[in-house]
file protein_4.csv (CSV, C-alpha atoms and all ligand atoms)
chain,number,residue,atom,x,y,z
A,184,VAL,CA,280.7,173.3,-184.2
A,185,LYS,CA,282.9,170.3,-185.0
A,186,GLU,CA,281.6,166.9,-184.4
A,187,ASP,CA,283.1,163.4,-184.5
A,188,PRO,CA,281.3,160.8,-186.7
A,189,GLU,CA,279.8,159.1,-183.7
A,190,THR,CA,278.3,162.3,-182.3
A,191,ARG,CA,277.1,163.3,-185.7
A,192,SER,CA,275.1,160.1,-186.2
A,193,ARG,CA,273.7,160.4,-182.8
A,194,ILE,CA,272.6,164.0,-183.6
A,195,MET,CA,271.0,162.9,-186.8
A,196,ARG,CA,269.0,160.2,-185.0
A,197,ALA,CA,268.0,162.7,-182.3
A,198,VAL,CA,267.1,165.5,-184.7
A,199,GLN,CA,265.0,163.1,-186.7
A,200,GLY,CA,263.2,162.4,-183.5
A,201,LYS,CA,260.3,160.4,-185.0
A,202,ASP,CA,259.9,156.7,-185.6
A,203,THR,CA,263.0,155.8,-183.6
A,204,ALA,CA,263.4,152.2,-182.5
A,205,PRO,CA,262.3,152.9,-178.9
A,206,GLU,CA,259.2,154.6,-180.2
A,207,LEU,CA,258.4,151.7,-182.5
A,208,THR,CA,258.8,149.2,-179.6
A,209,VAL,CA,256.3,151.0,-177.5
A,210,ARG,CA,253.9,151.6,-180.4
A,211,ARG,CA,253.9,147.9,-181.4
A,212,LEU,CA,253.3,146.8,-177.8
A,213,ALA,CA,250.5,149.3,-177.1
A,214,HIS,CA,248.9,148.3,-180.4
A,215,SER,CA,249.1,144.6,-179.6
A,216,MET,CA,247.4,145.3,-176.3
A,217,GLY,CA,244.5,146.8,-178.2
A,218,TYR,CA,245.2,150.5,-177.5
A,219,ARG,CA,244.8,153.0,-180.3
A,220,TYR,CA,246.6,156.3,-180.4
A,221,ARG,CA,247.5,159.3,-182.5
A,222,LEU,CA,251.1,160.1,-183.3
A,223,HIS,CA,252.9,163.5,-182.9
A,224,ARG,CA,249.7,165.6,-182.7
A,225,LYS,CA,250.8,169.1,-183.6
A,226,ASP,CA,248.0,170.8,-181.7
A,227,LEU,CA,249.4,169.5,-178.4
A,228,PRO,CA,252.3,170.9,-176.4
A,229,GLY,CA,255.5,169.0,-177.3
A,230,LYS,CA,253.9,167.1,-180.2
A,231,PRO,CA,253.6,164.0,-178.0
A,232,ASP,CA,255.0,160.7,-179.3
A,233,MET,CA,251.6,159.0,-178.6
A,234,ALA,CA,248.3,160.5,-177.6
A,235,PHE,CA,245.3,158.6,-176.4
A,236,PRO,CA,242.6,161.2,-176.8
A,237,GLY,CA,239.7,159.3,-175.4
A,238,ARG,CA,241.6,158.5,-172.2
A,239,ARG,CA,243.2,161.9,-172.2
A,240,LYS,CA,246.6,160.4,-171.8
A,241,ILE,CA,250.0,161.0,-173.4
A,242,ILE,CA,253.1,158.9,-173.6
A,243,PHE,CA,256.6,160.3,-174.4
A,244,ILE,CA,259.4,158.0,-175.3
A,245,HIS,CA,262.6,159.8,-174.5
A,246,GLY,CA,266.1,159.0,-175.7
A,247,CYS,CA,268.4,158.9,-172.6
A,248,PHE,CA,271.2,161.0,-174.2
A,249,TRP,CA,269.1,163.6,-175.8
A,250,HIS,CA,266.7,164.2,-172.9
A,251,GLY,CA,269.4,163.9,-170.2
A,252,HIS,CA,268.2,160.8,-168.3
A,253,GLU,CA,269.9,160.1,-165.0
A,254,CYS,CA,271.2,156.7,-166.1
A,255,ALA,CA,274.6,155.5,-167.4
A,256,ARG,CA,273.7,156.2,-171.0
A,257,GLY,CA,272.3,159.6,-170.2
A,258,ALA,CA,275.4,160.6,-168.3
A,259,ARG,CA,277.7,159.8,-171.3
A,260,VAL,CA,278.3,163.3,-172.7
A,261,PRO,CA,280.6,163.4,-175.7
A,262,LYS,CA,284.1,164.5,-174.8
A,263,ILE,CA,284.3,166.8,-177.8
A,264,ASN,CA,282.2,170.0,-177.4
A,265,ARG,CA,281.3,168.9,-173.9
A,266,GLU,CA,280.1,172.3,-172.8
A,267,TYR,CA,277.9,172.6,-175.9
A,268,TRP,CA,276.2,169.3,-175.2
A,269,ILE,CA,275.7,170.0,-171.5
A,270,GLU,CA,274.0,173.3,-172.4
A,271,LYS,CA,271.9,171.8,-175.2
A,272,ILE,CA,270.7,168.9,-173.2
A,273,GLY,CA,269.9,171.2,-170.3
A,274,ARG,CA,267.7,173.2,-172.6
A,275,ASN,CA,265.9,170.0,-173.7
A,276,GLN,CA,265.3,169.1,-170.1
A,277,MET,CA,263.8,172.5,-169.4
A,278,ARG,CA,261.6,172.2,-172.5
A,279,ASP,CA,260.4,168.8,-171.5
A,280,ARG,CA,259.4,170.0,-168.0
A,281,LYS,CA,257.5,172.9,-169.5
A,282,THR,CA,255.7,170.5,-172.0
A,283,LEU,CA,254.7,168.2,-169.2
A,284,ASP,CA,253.4,171.1,-167.1
A,285,ALA,CA,251.4,172.5,-170.0
A,286,LEU,CA,249.8,169.1,-170.8
A,287,SER,CA,249.0,168.5,-167.2
A,288,ARG,CA,247.4,172.0,-166.9
A,289,SER,CA,245.2,171.1,-169.8
A,290,GLY,CA,244.0,167.9,-168.1
A,291,TRP,CA,246.3,165.4,-169.8
A,292,GLN,CA,247.9,162.6,-167.8
A,293,THR,CA,251.4,161.9,-169.0
A,294,LEU,CA,253.9,159.0,-168.9
A,295,VAL,CA,257.5,159.3,-169.8
A,296,LEU,CA,259.2,156.1,-170.9
A,297,TRP,CA,263.0,156.1,-171.1
A,298,GLU,CA,264.8,154.3,-173.8
A,299,CYS,CA,266.8,152.3,-171.2
A,300,GLU,CA,263.5,151.1,-169.6
A,301,LEU,CA,262.2,149.4,-172.7
A,302,LYS,CA,264.3,146.2,-172.7
A,303,ASP,CA,262.2,144.4,-170.1
A,304,GLN,CA,259.1,143.8,-172.2
A,305,LYS,CA,257.1,142.3,-169.4
A,306,ARG,CA,257.7,145.3,-167.2
A,307,LEU,CA,256.9,147.6,-170.1
A,308,ARG,CA,253.6,145.9,-170.7
A,309,ARG,CA,252.7,146.2,-167.1
A,310,ARG,CA,253.5,149.9,-167.0
A,311,LEU,CA,251.5,150.5,-170.2
A,312,GLN,CA,248.6,148.6,-168.8
A,313,ASP,CA,248.7,150.4,-165.4
A,314,PHE,CA,248.9,153.8,-167.1
A,315,LEU,CA,246.4,153.3,-169.9
A,316,ALA,CA,243.8,151.2,-168.1
A,317,ASN,CA,243.5,153.2,-165.0
A,318,ASP,CA,242.7,156.8,-164.1
A,319,GLN,CA,245.9,158.1,-162.7
A,320,ARG,CA,244.1,160.8,-160.8
A,321,SER,CA,242.2,158.3,-158.7
A,322,GLY,CA,245.3,157.4,-156.8
A,323,GLU,CA,244.1,153.8,-156.3
A,324,ASN,CA,246.3,152.1,-158.8
A,325,ILE,CA,249.8,153.1,-157.8
A,326,ALA,CA,252.1,150.1,-158.7
A,401,ZN,ZN,268.1,156.1,-169.3
call {"tool": "encode", "arguments": {"input": "protein_4.csv", "output": "structure tokens", "more": "lines below"}}
Ligand SMILES: [Zn+2]
result
Amino acid sequence: VKEDPETRSRIMRAVQGKDTAPELTVRRLAHSMGYRYRLHRKDLPGKPDMAFPGRRKIIFIHGCFWHGHECARGARVPKINREYWIEKIGRNQMRDRKTLDALSRSGWQTLVLWECELKDQKRLRRRLQDFLANDQRSGENIA
């Protein structure tokens, strides 16, 4: 498959998948709020970006392109090899759904944060606080 340089660098970032700028943003913030977590635990479905074992909570930080977010950025499929990318991203979305299902069946509560949602630090902090501080199953803390 031929790729233009822009696509290639995007692939390299996506394939790497760890320690991306969005992940670091969330980690730094969660850490500054006093939360401690484990990274990419291999024994959990989907090797979650952040796991909070004591709270039985998981956070994924998804790149909009790679995981097919319904936002402007996620909708921007490369013109070259369009079909290839649509199929590939579709597979990623399916895998993400399965991962979230598997985690939820094993009693983990999950939060997916999208790359495009991280700019507003105040809002991000609030979402982290809501998710981590409260038991999502109680249903009394819906923002
Ligand atoms: Zn997005």
call {"tool": "atom_distance", "arguments": {"input": "protein_4.csv", "atom1": "CA of Cys254 in chain A", "atom2": "CA of Lys305 in chain A"}}
result
20.4 Å
call {"tool": "closest_residue", "arguments": {"input": "protein_4.csv", "among": "A:Thr208, A:Gln276, A:Gln304, A:Gln312", "to": "Phe248 in chain A", "atoms": "only C-alpha atoms"}}
result
A:Gln276
call {"tool": "atom_distance", "arguments": {"input": "protein_4.csv", "atom1": "CA of Asn275 in chain A", "atom2": "CA of His250 in chain A"}}
result
5.9 Å
call {"tool": "residues_near_ligand", "arguments": {"input": "protein_4.csv", "ligand": "ligand ZN 401 (chain A)", "cutoff": "6 Å", "atoms": "only C-alpha atoms and all ligand atoms", "output": "list of chain:residue names"}}
result
A:Cys247, A:His252, A:Cys254, A:Arg256, A:Gly257, A:Trp297, A:Glu298, A:Cys299
call {"tool": "write_last_selection", "arguments": {"input": "protein_4.csv", "atoms": "C-alpha atoms", "output": "PDB file, keeping the file's coordinate frame"}}
result
ATOM      1  CA  CYS A 247     268.400 158.900-172.600  1.00  0.00           C
ATOM      2  CA  HIS A 252     268.200 160.800-168.300  1.00  0.00           C
ATOM      3  CA  CYS A 254     271.200 156.700-166.100  1.00  0.00           C
ATOM      4  CA  ARG A 256     273.700 156.200-171.000  1.00  0.00           C
ATOM      5  CA  GLY A 257     272.300 159.600-170.200  1.00  0.00           C
ATOM      6  CA  TRP A 297     263.000 156.100-171.100  1.00  0.00           C
ATOM      7  CA  GLU A 298     264.800 154.300-173.800  1.00  0.00           C
ATOM      8  CA  CYS A 299     266.800 152.300-171.200  1.00  0.00           C
TER       9      CYS A 299
END
call {"tool": "residues_around", "arguments": {"input": "protein_4.csv", "residues": "Lys240 in chain A", "least_positions_apart": "4", "cutoff": "9 Å", "atoms": "all atoms listed in the file", "output": "VMD selection string"}}
result
chain A and resid 233 to 236 290 to 294 314 to 315
call {"tool": "write_last_selection", "arguments": {"input": "protein_4.csv", "atoms": "C-alpha atoms", "output": "PDB file, in the coordinates of the input"}}
result
ATOM      1  CA  MET A 233     251.600 159.000-178.600  1.00  0.00           C
ATOM      2  CA  ALA A 234     248.300 160.500-177.600  1.00  0.00           C
ATOM      3  CA  PHE A 235     245.300 158.600-176.400  1.00  0.00           C
ATOM      4  CA  PRO A 236     242.600 161.200-176.800  1.00  0.00           C
ATOM      5  CA  GLY A 290     244.000 167.900-168.100  1.00  0.00           C
ATOM      6  CA  TRP A 291     246.300 165.400-169.800  1.00  0.00           C
ATOM      7  CA  GLN A 292     247.900 162.600-167.800  1.00  0.00           C
ATOM      8  CA  THR A 293     251.400 161.900-169.000  1.00  0.00           C
ATOM      9  CA  LEU A 294     253.900 159.000-168.900  1.00  0.00           C
ATOM     10  CA  PHE A 314     248.900 153.800-167.100  1.00  0.00           C
ATOM     11  CA  LEU A 315     246.400 153.300-169.900  1.00  0.00           C
TER      12      LEU A 315
END
call {"tool": "closest_residue", "arguments": {"input": "protein_4.csv", "among": "A:Arg219, A:Arg211, A:Arg278, A:Lys225", "to": "Arg238 in chain A", "atoms": "all atoms listed in the file"}}
result
A:Arg219
call {"tool": "closest_residue", "arguments": {"input": "protein_4.csv", "among": "A:Gly217, A:Gly237, A:Pro261, A:Gly273", "to": "Arg308 in chain A", "atoms": "all atoms listed in the file"}}
result
A:Gly217
call {"tool": "closest_atom_pairs", "arguments": {"input": "protein_4.csv", "of": "range 221-256 of chain A", "to": "range 202-205 of chain A", "cutoff": "12 Å", "atoms": "only C-alpha atoms", "output": "JSON lines"}}
result
{"residue": "A:Leu222", "atom": "CA", "partner": "A:Asp202", "partner_atom": "CA", "distance": 9.7}
{"residue": "A:His223", "atom": "CA", "partner": "A:Asp202", "partner_atom": "CA", "distance": 10.1}
{"residue": "A:Asp232", "atom": "CA", "partner": "A:Asp202", "partner_atom": "CA", "distance": 8.9}
{"residue": "A:Met233", "atom": "CA", "partner": "A:Asp202", "partner_atom": "CA", "distance": 11.1}
{"residue": "A:Phe243", "atom": "CA", "partner": "A:Pro205", "partner_atom": "CA", "distance": 10.4}
{"residue": "A:Ile244", "atom": "CA", "partner": "A:Pro205", "partner_atom": "CA", "distance": 6.9}
{"residue": "A:His245", "atom": "CA", "partner": "A:Pro205", "partner_atom": "CA", "distance": 8.2}
{"residue": "A:Gly246", "atom": "CA", "partner": "A:Pro205", "partner_atom": "CA", "distance": 7.9}
{"residue": "A:Cys247", "atom": "CA", "partner": "A:Pro205", "partner_atom": "CA", "distance": 10.6}
call {"tool": "atom_distance", "arguments": {"input": "protein_4.csv", "atom1": "CA of Ile242 in chain A", "atom2": "CA of Ser215 in chain A"}}
result
16.0 Å
call {"tool": "closest_residue", "arguments": {"input": "protein_4.csv", "among": "A:Leu286, A:His214, A:Arg274, A:Trp268", "to": "Ile241 in chain A", "atoms": "all atoms listed in the file"}}
result
A:Leu286
call {"tool": "build_atoms", "arguments": {"input": "protein_4.csv", "residues": "range 250-274 of chain A", "atoms": "N, CA, C and O atoms", "output": "PDB file, in the frame of the given file"}}
result
ATOM      1  N   HIS A 250     267.586 163.582-173.921  1.00  0.00           N
ATOM      2  CA  HIS A 250     266.700 164.200-172.900  1.00  0.00           C
ATOM      3  C   HIS A 250     267.377 164.192-171.516  1.00  0.00           C
ATOM      4  O   HIS A 250     266.736 164.540-170.535  1.00  0.00           O
ATOM      5  N   GLY A 251     268.636 163.756-171.449  1.00  0.00           N
ATOM      6  CA  GLY A 251     269.400 163.900-170.200  1.00  0.00           C
ATOM      7  C   GLY A 251     268.884 162.997-169.071  1.00  0.00           C
ATOM      8  O   GLY A 251     268.705 163.470-167.957  1.00  0.00           O
ATOM      9  N   HIS A 252     268.651 161.712-169.368  1.00  0.00           N
ATOM     10  CA  HIS A 252     268.200 160.800-168.300  1.00  0.00           C
ATOM     11  C   HIS A 252     269.311 160.575-167.293  1.00  0.00           C
ATOM     12  O   HIS A 252     270.484 160.578-167.628  1.00  0.00           O
ATOM     13  N   GLU A 253     268.910 160.362-166.031  1.00  0.00           N
ATOM     14  CA  GLU A 253     269.900 160.100-165.000  1.00  0.00           C
ATOM     15  C   GLU A 253     270.214 158.586-164.973  1.00  0.00           C
ATOM     16  O   GLU A 253     269.919 157.870-164.010  1.00  0.00           O
ATOM     17  N   CYS A 254     270.807 158.122-166.044  1.00  0.00           N
ATOM     18  CA  CYS A 254     271.200 156.700-166.100  1.00  0.00           C
ATOM     19  C   CYS A 254     272.625 156.735-166.780  1.00  0.00           C
ATOM     20  O   CYS A 254     273.092 157.778-167.224  1.00  0.00           O
ATOM     21  N   ALA A 255     273.248 155.577-166.845  1.00  0.00           N
ATOM     22  CA  ALA A 255     274.600 155.500-167.400  1.00  0.00           C
ATOM     23  C   ALA A 255     274.667 156.084-168.791  1.00  0.00           C
ATOM     24  O   ALA A 255     275.571 156.846-169.132  1.00  0.00           O
ATOM     25  N   ARG A 256     273.685 155.733-169.581  1.00  0.00           N
ATOM     26  CA  ARG A 256     273.700 156.200-171.000  1.00  0.00           C
ATOM     27  C   ARG A 256     273.470 157.705-171.058  1.00  0.00           C
ATOM     28  O   ARG A 256     274.118 158.369-171.857  1.00  0.00           O
ATOM     29  N   GLY A 257     272.581 158.213-170.224  1.00  0.00           N
ATOM     30  CA  GLY A 257     272.300 159.600-170.200  1.00  0.00           C
ATOM     31  C   GLY A 257     273.472 160.466-169.733  1.00  0.00           C
ATOM     32  O   GLY A 257     273.628 161.628-170.099  1.00  0.00           O
ATOM     33  N   ALA A 258     274.289 159.862-168.879  1.00  0.00           N
ATOM     34  CA  ALA A 258     275.400 160.600-168.300  1.00  0.00           C
ATOM     35  C   ALA A 258     276.603 160.665-169.248  1.00  0.00           C
ATOM     36  O   ALA A 258     277.558 161.383-169.001  1.00  0.00           O
ATOM     37  N   ARG A 259     276.532 159.906-170.347  1.00  0.00           N
ATOM     38  CA  ARG A 259     277.700 159.800-171.300  1.00  0.00           C
ATOM     39  C   ARG A 259     277.653 161.011-172.240  1.00  0.00           C
ATOM     40  O   ARG A 259     277.145 160.903-173.350  1.00  0.00           O
ATOM     41  N   VAL A 260     278.216 162.122-171.806  1.00  0.00           N
ATOM     42  CA  VAL A 260     278.300 163.300-172.700  1.00  0.00           C
ATOM     43  C   VAL A 260     279.542 163.202-173.530  1.00  0.00           C
ATOM     44  O   VAL A 260     280.607 162.845-173.031  1.00  0.00           O
ATOM     45  N   PRO A 261     279.428 163.492-174.825  1.00  0.00           N
ATOM     46  CA  PRO A 261     280.600 163.400-175.700  1.00  0.00           C
ATOM     47  C   PRO A 261     281.750 164.280-175.176  1.00  0.00           C
ATOM     48  O   PRO A 261     281.512 165.357-174.649  1.00  0.00           O
ATOM     49  N   LYS A 262     282.978 163.793-175.310  1.00  0.00           N
ATOM     50  CA  LYS A 262     284.100 164.500-174.800  1.00  0.00           C
ATOM     51  C   LYS A 262     284.357 165.788-175.668  1.00  0.00           C
ATOM     52  O   LYS A 262     284.784 166.827-175.174  1.00  0.00           O
ATOM     53  N   ILE A 263     284.083 165.651-176.955  1.00  0.00           N
ATOM     54  CA  ILE A 263     284.300 166.800-177.800  1.00  0.00           C
ATOM     55  C   ILE A 263     283.045 167.722-177.697  1.00  0.00           C
ATOM     56  O   ILE A 263     281.904 167.254-177.693  1.00  0.00           O
ATOM     57  N   ASN A 264     283.311 168.996-177.559  1.00  0.00           N
ATOM     58  CA  ASN A 264     282.200 170.000-177.400  1.00  0.00           C
ATOM     59  C   ASN A 264     281.363 169.704-176.177  1.00  0.00           C
ATOM     60  O   ASN A 264     280.140 169.836-176.232  1.00  0.00           O
ATOM     61  N   ARG A 265     282.008 169.313-175.120  1.00  0.00           N
ATOM     62  CA  ARG A 265     281.300 168.900-173.900  1.00  0.00           C
ATOM     63  C   ARG A 265     280.334 170.008-173.413  1.00  0.00           C
ATOM     64  O   ARG A 265     279.169 169.742-173.132  1.00  0.00           O
ATOM     65  N   GLU A 266     280.861 171.224-173.317  1.00  0.00           N
ATOM     66  CA  GLU A 266     280.100 172.300-172.800  1.00  0.00           C
ATOM     67  C   GLU A 266     278.789 172.526-173.670  1.00  0.00           C
ATOM     68  O   GLU A 266     277.696 172.733-173.145  1.00  0.00           O
ATOM     69  N   TYR A 267     279.005 172.455-174.967  1.00  0.00           N
ATOM     70  CA  TYR A 267     277.900 172.600-175.900  1.00  0.00           C
ATOM     71  C   TYR A 267     276.797 171.623-175.638  1.00  0.00           C
ATOM     72  O   TYR A 267     275.604 171.974-175.583  1.00  0.00           O
ATOM     73  N   TRP A 268     277.194 170.378-175.435  1.00  0.00           N
ATOM     74  CA  TRP A 268     276.200 169.300-175.200  1.00  0.00           C
ATOM     75  C   TRP A 268     275.491 169.467-173.900  1.00  0.00           C
ATOM     76  O   TRP A 268     274.283 169.264-173.790  1.00  0.00           O
ATOM     77  N   ILE A 269     276.255 169.819-172.874  1.00  0.00           N
ATOM     78  CA  ILE A 269     275.700 170.000-171.500  1.00  0.00           C
ATOM     79  C   ILE A 269     274.591 171.062-171.592  1.00  0.00           C
ATOM     80  O   ILE A 269     273.486 170.904-171.062  1.00  0.00           O
ATOM     81  N   GLU A 270     274.921 172.163-172.274  1.00  0.00           N
ATOM     82  CA  GLU A 270     274.000 173.300-172.400  1.00  0.00           C
ATOM     83  C   GLU A 270     272.737 172.855-173.179  1.00  0.00           C
ATOM     84  O   GLU A 270     271.593 173.129-172.815  1.00  0.00           O
ATOM     85  N   LYS A 271     273.006 172.185-174.291  1.00  0.00           N
ATOM     86  CA  LYS A 271     271.900 171.800-175.200  1.00  0.00           C
ATOM     87  C   LYS A 271     270.951 170.830-174.502  1.00  0.00           C
ATOM     88  O   LYS A 271     269.730 170.975-174.589  1.00  0.00           O
ATOM     89  N   ILE A 272     271.529 169.853-173.819  1.00  0.00           N
ATOM     90  CA  ILE A 272     270.700 168.900-173.200  1.00  0.00           C
ATOM     91  C   ILE A 272     269.932 169.508-172.000  1.00  0.00           C
ATOM     92  O   ILE A 272     268.767 169.188-171.748  1.00  0.00           O
ATOM     93  N   GLY A 273     270.576 170.451-171.335  1.00  0.00           N
ATOM     94  CA  GLY A 273     269.900 171.200-170.300  1.00  0.00           C
ATOM     95  C   GLY A 273     268.679 171.924-170.805  1.00  0.00           C
ATOM     96  O   GLY A 273     267.629 171.960-170.161  1.00  0.00           O
ATOM     97  N   ARG A 274     268.828 172.491-171.995  1.00  0.00           N
ATOM     98  CA  ARG A 274     267.700 173.200-172.600  1.00  0.00           C
ATOM     99  C   ARG A 274     266.571 172.202-172.938  1.00  0.00           C
ATOM    100  O   ARG A 274     265.387 172.491-172.766  1.00  0.00           O
TER     101      ARG A 274
END
